[in-house]
$ cat entry.txt   # compact mmCIF, C-alpha atoms
# COMPACT_ATOMS: atom_id res chain seq x y z
CA ALA A 1 12.04 9.90 6.85
CA GLN A 2 9.86 10.62 3.87
CA SER A 3 6.18 11.24 4.50
CA VAL A 4 2.96 12.33 2.85
CA ALA A 5 -0.09 14.04 4.25
CA GLN A 6 -3.66 13.83 3.06
CA PRO A 7 -5.40 16.66 4.86
CA GLU A 8 -9.01 15.71 4.19
CA ASP A 9 -10.85 12.72 5.61
CA GLN A 10 -13.62 12.58 3.04
CA VAL A 11 -14.17 14.20 -0.32
CA ASN A 12 -17.73 14.49 -1.58
CA VAL A 13 -18.33 15.35 -5.21
CA ALA A 14 -21.30 15.24 -7.53
CA GLU A 15 -21.13 12.86 -10.45
CA GLY A 16 -19.76 14.64 -13.50
CA ASN A 17 -17.93 17.27 -11.48
CA PRO A 18 -14.14 17.49 -11.23
CA LEU A 19 -12.58 15.44 -8.47
CA THR A 20 -9.45 16.47 -6.56
CA VAL A 21 -7.82 14.51 -3.76
CA LYS A 22 -5.02 16.39 -2.04
CA CYS A 23 -1.60 15.16 -1.04
CA THR A 24 1.47 16.99 0.18
CA TYR A 25 4.85 15.42 0.70
CA SER A 26 7.97 15.86 2.76
CA VAL A 27 11.15 14.30 1.40
CA SER A 28 14.87 14.74 1.38
CA GLY A 29 16.14 14.32 -2.14
CA ASN A 30 14.04 13.46 -5.16
CA PRO A 31 10.45 12.45 -4.44
CA TYR A 32 9.01 9.24 -5.85
CA LEU A 33 5.26 9.58 -5.43
CA PHE A 34 2.40 7.16 -5.96
CA TRP A 35 -1.38 7.06 -5.82
CA TYR A 36 -3.29 3.92 -4.96
CA VAL A 37 -7.03 3.25 -4.76
CA GLN A 38 -8.82 0.71 -2.59
CA TYR A 39 -12.28 -0.52 -3.46
CA PRO A 40 -14.27 -2.45 -0.84
CA ASN A 41 -12.83 -5.93 -0.19
CA ARG A 42 -10.04 -5.35 -2.70
CA GLY A 43 -6.35 -4.67 -2.35
CA LEU A 44 -4.61 -1.39 -2.99
CA GLN A 45 -4.60 -0.83 -6.74
CA PHE A 46 -1.85 1.21 -8.34
CA LEU A 47 -3.15 4.29 -10.18
CA LEU A 48 -0.11 6.32 -11.17
CA LYS A 49 3.34 7.47 -10.14
CA TYR A 50 5.67 10.42 -10.45
CA ILE A 51 9.35 9.65 -10.80
CA THR A 52 10.73 12.38 -12.98
CA GLY A 53 9.81 14.32 -16.10
CA ASP A 54 6.46 15.93 -16.83
CA ASN A 55 4.70 17.38 -13.83
CA LEU A 56 1.35 16.09 -15.08
CA VAL A 57 1.17 12.33 -14.78
CA LYS A 58 -1.63 10.32 -16.37
CA GLY A 59 -2.79 7.06 -14.87
CA SER A 60 -5.51 4.45 -14.87
CA TYR A 61 -9.28 5.04 -15.06
CA GLY A 62 -8.91 8.63 -16.35
CA PHE A 63 -7.00 9.84 -13.30
CA GLU A 64 -4.08 12.21 -13.42
CA ALA A 65 -1.90 13.89 -10.84
CA GLU A 66 0.02 17.11 -10.84
CA PHE A 67 3.44 17.27 -9.23
CA ASN A 68 4.17 20.73 -7.84
CA LYS A 69 7.65 21.08 -6.41
CA SER A 70 7.23 24.59 -5.02
CA GLN A 71 4.09 23.58 -3.11
CA THR A 72 5.38 20.06 -2.36
CA SER A 73 2.08 18.68 -3.57
CA PHE A 74 0.92 15.77 -5.67
CA HIS A 75 -2.84 16.16 -5.98
CA LEU A 76 -4.90 13.50 -7.73
CA LYS A 77 -7.46 14.74 -10.22
CA LYS A 78 -10.17 13.52 -12.49
CA PRO A 79 -12.04 15.91 -14.78
CA SER A 80 -15.42 14.20 -14.46
CA ALA A 81 -16.13 11.90 -11.51
CA LEU A 82 -18.12 8.70 -11.80
CA VAL A 83 -20.14 6.98 -9.07
CA SER A 84 -17.79 4.01 -9.53
CA ASP A 85 -14.88 6.23 -8.44
CA SER A 86 -16.20 6.08 -4.87
CA ALA A 87 -13.37 4.42 -2.95
CA LEU A 88 -10.48 5.03 -0.57
CA TYR A 89 -7.50 6.82 -2.11
CA PHE A 90 -3.98 6.65 -0.73
CA CYS A 91 -1.01 8.83 -1.56
CA ALA A 92 2.40 7.28 -0.94
CA VAL A 93 6.07 8.17 -1.18
CA ARG A 94 9.05 5.88 -1.58
CA ASP A 95 10.89 5.86 1.74
CA GLY A 96 14.23 4.15 1.66
CA ASN A 97 15.08 1.38 -0.74
CA ASN A 98 11.85 -0.49 -0.93
CA ARG A 99 9.29 0.70 1.51
CA LEU A 100 6.32 2.90 0.78
CA ALA A 101 5.14 5.48 3.30
CA PHE A 102 1.39 6.02 2.97
CA GLY A 103 -0.92 8.83 3.86
CA LYS A 104 -3.96 8.09 5.98
CA GLY A 105 -6.23 7.84 2.97
CA ASN A 106 -9.17 9.81 1.72
CA GLN A 107 -12.66 8.42 1.32
CA VAL A 108 -14.13 9.72 -1.93
CA VAL A 109 -17.89 9.71 -2.25
CA VAL A 110 -19.33 10.49 -5.66
CA ILE A 111 -22.97 11.48 -5.36
CA PRO A 112 -25.25 10.49 -8.25
CA GLU B 1 -4.51 -9.39 -15.28
CA PRO B 2 -2.32 -11.13 -12.69
CA GLU B 3 -3.09 -10.32 -9.07
CA VAL B 4 -1.64 -10.84 -5.64
CA THR B 5 -3.88 -13.13 -3.60
CA GLN B 6 -4.08 -13.56 0.16
CA THR B 7 -5.64 -16.13 2.45
CA PRO B 8 -7.57 -16.15 4.66
CA SER B 9 -9.57 -12.99 4.15
CA HIS B 10 -10.36 -12.88 7.86
CA GLN B 11 -8.61 -14.63 10.73
CA VAL B 12 -9.78 -14.58 14.32
CA THR B 13 -7.36 -15.84 16.93
CA GLN B 14 -6.87 -15.75 20.67
CA MET B 15 -4.11 -13.76 22.27
CA GLY B 16 -0.92 -15.77 22.52
CA GLN B 17 -1.70 -18.02 19.57
CA GLU B 18 0.44 -18.29 16.47
CA VAL B 19 -0.98 -17.22 13.13
CA ILE B 20 0.29 -17.61 9.59
CA LEU B 21 -0.94 -15.28 6.91
CA ARG B 22 -0.48 -16.47 3.37
CA CYS B 23 0.14 -14.65 0.13
CA VAL B 24 0.68 -15.67 -3.46
CA PRO B 25 2.58 -12.88 -5.23
CA ILE B 26 2.42 -12.23 -8.96
CA SER B 27 4.27 -15.10 -10.57
CA ASN B 28 7.23 -13.33 -12.19
CA HIS B 29 7.80 -10.92 -9.31
CA LEU B 30 10.91 -11.24 -7.21
CA TYR B 31 10.40 -8.72 -4.40
CA PHE B 32 7.84 -9.22 -1.69
CA TYR B 33 6.48 -7.06 1.07
CA TRP B 34 4.16 -7.04 4.04
CA TYR B 35 2.31 -3.97 5.27
CA ARG B 36 -0.34 -3.58 7.91
CA GLN B 37 -3.10 -1.11 8.65
CA ILE B 38 -4.53 -0.80 12.12
CA LEU B 39 -8.12 0.38 11.96
CA GLY B 40 -8.27 4.12 11.41
CA GLN B 41 -4.51 4.47 10.99
CA LYS B 42 -2.05 4.64 8.12
CA VAL B 43 -0.80 1.71 6.10
CA GLU B 44 2.59 0.85 7.62
CA PHE B 45 5.53 -1.00 6.12
CA LEU B 46 6.60 -4.16 7.93
CA VAL B 47 9.18 -5.99 5.85
CA SER B 48 10.60 -6.54 2.40
CA PHE B 49 12.00 -9.85 1.15
CA TYR B 50 14.20 -10.83 -1.77
CA ASN B 51 16.23 -13.86 -2.67
CA ASN B 52 15.05 -15.74 0.40
CA GLU B 53 16.10 -13.15 2.89
CA ILE B 54 14.81 -10.02 4.52
CA SER B 55 16.14 -6.94 2.76
CA GLU B 56 14.53 -4.30 4.95
CA LYS B 57 12.31 -4.24 8.03
CA SER B 58 10.64 -1.64 10.16
CA GLU B 59 10.76 -1.21 13.90
CA ILE B 60 7.34 -2.87 14.07
CA PHE B 61 8.78 -6.12 12.73
CA ASP B 62 10.17 -7.50 15.98
CA ASP B 63 11.09 -11.04 16.99
CA GLN B 64 7.44 -12.06 17.09
CA PHE B 65 7.27 -11.73 13.32
CA SER B 66 8.88 -13.86 10.66
CA VAL B 67 8.52 -14.27 6.91
CA GLU B 68 9.15 -17.19 4.68
CA ARG B 69 8.88 -18.26 1.09
CA PRO B 70 8.33 -21.98 1.65
CA ASP B 71 7.97 -22.85 -2.02
CA GLY B 72 8.02 -21.18 -5.40
CA SER B 73 4.69 -19.47 -5.04
CA ASN B 74 3.76 -18.71 -1.44
CA PHE B 75 5.00 -15.95 0.82
CA THR B 76 3.97 -16.12 4.47
CA LEU B 77 3.94 -13.87 7.49
CA LYS B 78 4.00 -15.61 10.86
CA ILE B 79 3.19 -13.99 14.16
CA ARG B 80 4.44 -16.27 16.92
CA SER B 81 2.41 -15.12 19.90
CA THR B 82 -0.29 -12.68 18.93
CA LYS B 83 -1.14 -9.65 21.01
CA LEU B 84 -4.30 -7.58 20.99
CA GLU B 85 -2.44 -4.77 19.26
CA ASP B 86 -1.63 -7.05 16.33
CA SER B 87 -5.26 -6.73 15.23
CA ALA B 88 -5.06 -5.08 11.83
CA MET B 89 -5.45 -5.55 8.11
CA TYR B 90 -2.30 -7.15 6.71
CA PHE B 91 -1.43 -6.49 3.07
CA CYS B 92 1.02 -8.46 0.98
CA ALA B 93 2.64 -6.81 -2.04
CA SER B 94 5.08 -7.74 -4.76
CA SER B 95 7.10 -5.98 -7.42
CA SER B 96 9.07 -7.08 -10.43
CA ARG B 97 12.06 -4.93 -9.62
CA ARG B 98 13.55 -3.14 -6.67
CA GLY B 99 14.09 0.56 -6.72
CA SER B 100 12.25 3.77 -6.32
CA SER B 101 10.51 3.82 -9.68
CA TYR B 102 8.88 0.43 -9.51
CA GLU B 103 5.37 0.17 -8.22
CA GLN B 104 4.25 -2.48 -5.78
CA TYR B 105 1.13 -4.54 -6.40
CA PHE B 106 -1.01 -5.30 -3.39
CA GLY B 107 -3.28 -8.14 -2.39
CA PRO B 108 -6.77 -7.68 -0.91
CA GLY B 109 -5.54 -8.08 2.65
CA THR B 110 -6.16 -10.38 5.59
CA ARG B 111 -8.09 -8.92 8.48
CA LEU B 112 -6.57 -10.30 11.68
CA THR B 113 -8.63 -10.03 14.85
CA VAL B 114 -6.94 -10.96 18.11
CA THR B 115 -9.30 -11.53 21.04
$ encode --input "entry.txt" --output "structure tokens"
Amino acid sequence: AQSVAQPEDQVNVAEGNPLTVKCTYSVSGNPYLFWYVQYPNRGLQFLLKYITGDNLVKGSYGFEAEFNKSQTSFHLKKPSALVSDSALYFCAVRDGNNRLAFGKGNQVVVIP
Amino acid sequence: EPEVTQTPSHQVTQMGQEVILRCVPISNHLYFYWYRQILGQKVEFLVSFYNNEISEKSEIFDDQFSVERPDGSNFTLKIRSTKLEDSAMYFCASSSRRGSSYEQYFGPGTRLTVT
């Protein structure tokens, strides 16, 4: 089965500093990778995906993610974090035909 | 921007009772999903649904669970006889297409508490 791992529980970053949320994957075959964000009392919101092509994927709200096949990683990045980026971030991989397999999530806290 | 909606936001029920969780997917989407997240654990896939039938289900989705699209807009998850371990956040999702490259759009979730 496909899986992803998010090694950190919480990421603290000062406002204006670069933000990185880590994700590594384990798949057989081609990986289809996704990042979602969850704000309080909201559903999981799609940020970006990697299917094929450029290793650097750009998504919503200024986020991007870098696919690294040799390191089996798909880290989420933002050059300059905002306080409003404080949320729960989930990495996911397509597992099977339709299901997504999620990581445990990372709480991001952006400190003003 | 169209969104997936879910009702209720919080449901408290007694063990052994039946519950129905409701979802309204995005209107032109054809594929529907339920996931759940037990507190402190990962989001887990339960079931996918297309063309009025289940297309895929996980080992969690046993005979206590059922899904239905009773009309053109709603998509429901029924738990026949709830157990304490069914307490979780349940997320509905929908997508316009099936296949690895198509993202799923999620609702805000229903928090189910079984006492």
$ atom_distance --input "entry.txt" --atom1 "atom CA of A:Val27" --atom2 "atom CA of A:Leu100"
12.4 Å
$ residues_around --input "entry.txt" --residues "A:Val13" --least-positions-apart "3" --cutoff "7 Å" --atoms "all atoms listed in the file" --output "NGL selection string"
:A and (17 or 19 or 109-111)
$ interface_residues --input "entry.txt" --of "chain B" --to "chain A" --cutoff "12 Å" --atoms "all atoms listed in the file" --output "PyMOL selection string"
chain B and resi 3-6+9-10+31-50+54-58+89-111
$ closest_residue --input "entry.txt" --among "B:His29, B:Thr113, B:Val24, B:Glu53" --to "B:Asp71" --atoms "all atoms listed in the file"
B:Val24
$ atom_distance --input "entry.txt" --atom1 "atom CA of B:Val114" --atom2 "atom CA of B:Ala88"
8.8 Å
$ residues_around --input "entry.txt" --residues "A:Lys22" --least-positions-apart "6" --cutoff "9 Å" --atoms "all atoms listed in the file" --output "PDB file with C-alpha atoms, in the frame of the given file"
ATOM      1  CA  ALA A   5      -0.090  14.040   4.250  1.00  0.00           C
ATOM      2  CA  GLN A   6      -3.660  13.830   3.060  1.00  0.00           C
ATOM      3  CA  PRO A   7      -5.400  16.660   4.860  1.00  0.00           C
ATOM      4  CA  GLU A   8      -9.010  15.710   4.190  1.00  0.00           C
ATOM      5  CA  SER A  73       2.080  18.680  -3.570  1.00  0.00           C
ATOM      6  CA  PHE A  74       0.920  15.770  -5.670  1.00  0.00           C
ATOM      7  CA  HIS A  75      -2.840  16.160  -5.980  1.00  0.00           C
ATOM      8  CA  LEU A  76      -4.900  13.500  -7.730  1.00  0.00           C
ATOM      9  CA  LYS A  77      -7.460  14.740 -10.220  1.00  0.00           C
ATOM     10  CA  CYS A  91      -1.010   8.830  -1.560  1.00  0.00           C
ATOM     11  CA  ASN A 106      -9.170   9.810   1.720  1.00  0.00           C
TER      12      ASN A 106
END
$ atom_distance --input "entry.txt" --atom1 "atom CA of A:Ala81" --atom2 "atom CA of A:Ala14"
7.3 Å
$ axis_aligned_box --input "entry.txt" --around "stretch 10-14 of chain B" --padding-each-side "5 Å" --output "lines of an AutoDock Vina configuration file"
center_x = -8.6
center_y = -14.4
center_z = 14.3
size_x = 13.5
size_y = 13.0
size_z = 22.8
$ residues_around --input "entry.txt" --residues "A:Thr72" --least-positions-apart "4" --cutoff "8 Å" --atoms "all atoms listed in the file" --output "list in words"
Thr24, Tyr25, Ser26, Phe67 and Asn68 of chain A
$ closest_residue --input "entry.txt" --among "B:Gly72, B:Ile79, B:Val67, B:Phe61" --to "B:Ile26" --atoms "all atoms listed in the file"
B:Gly72
$ residues_around --input "entry.txt" --residues "A:Leu56" --least-positions-apart "4" --cutoff "8 Å" --atoms "only C-alpha atoms" --output "ChimeraX atom specification"
/A:64-67
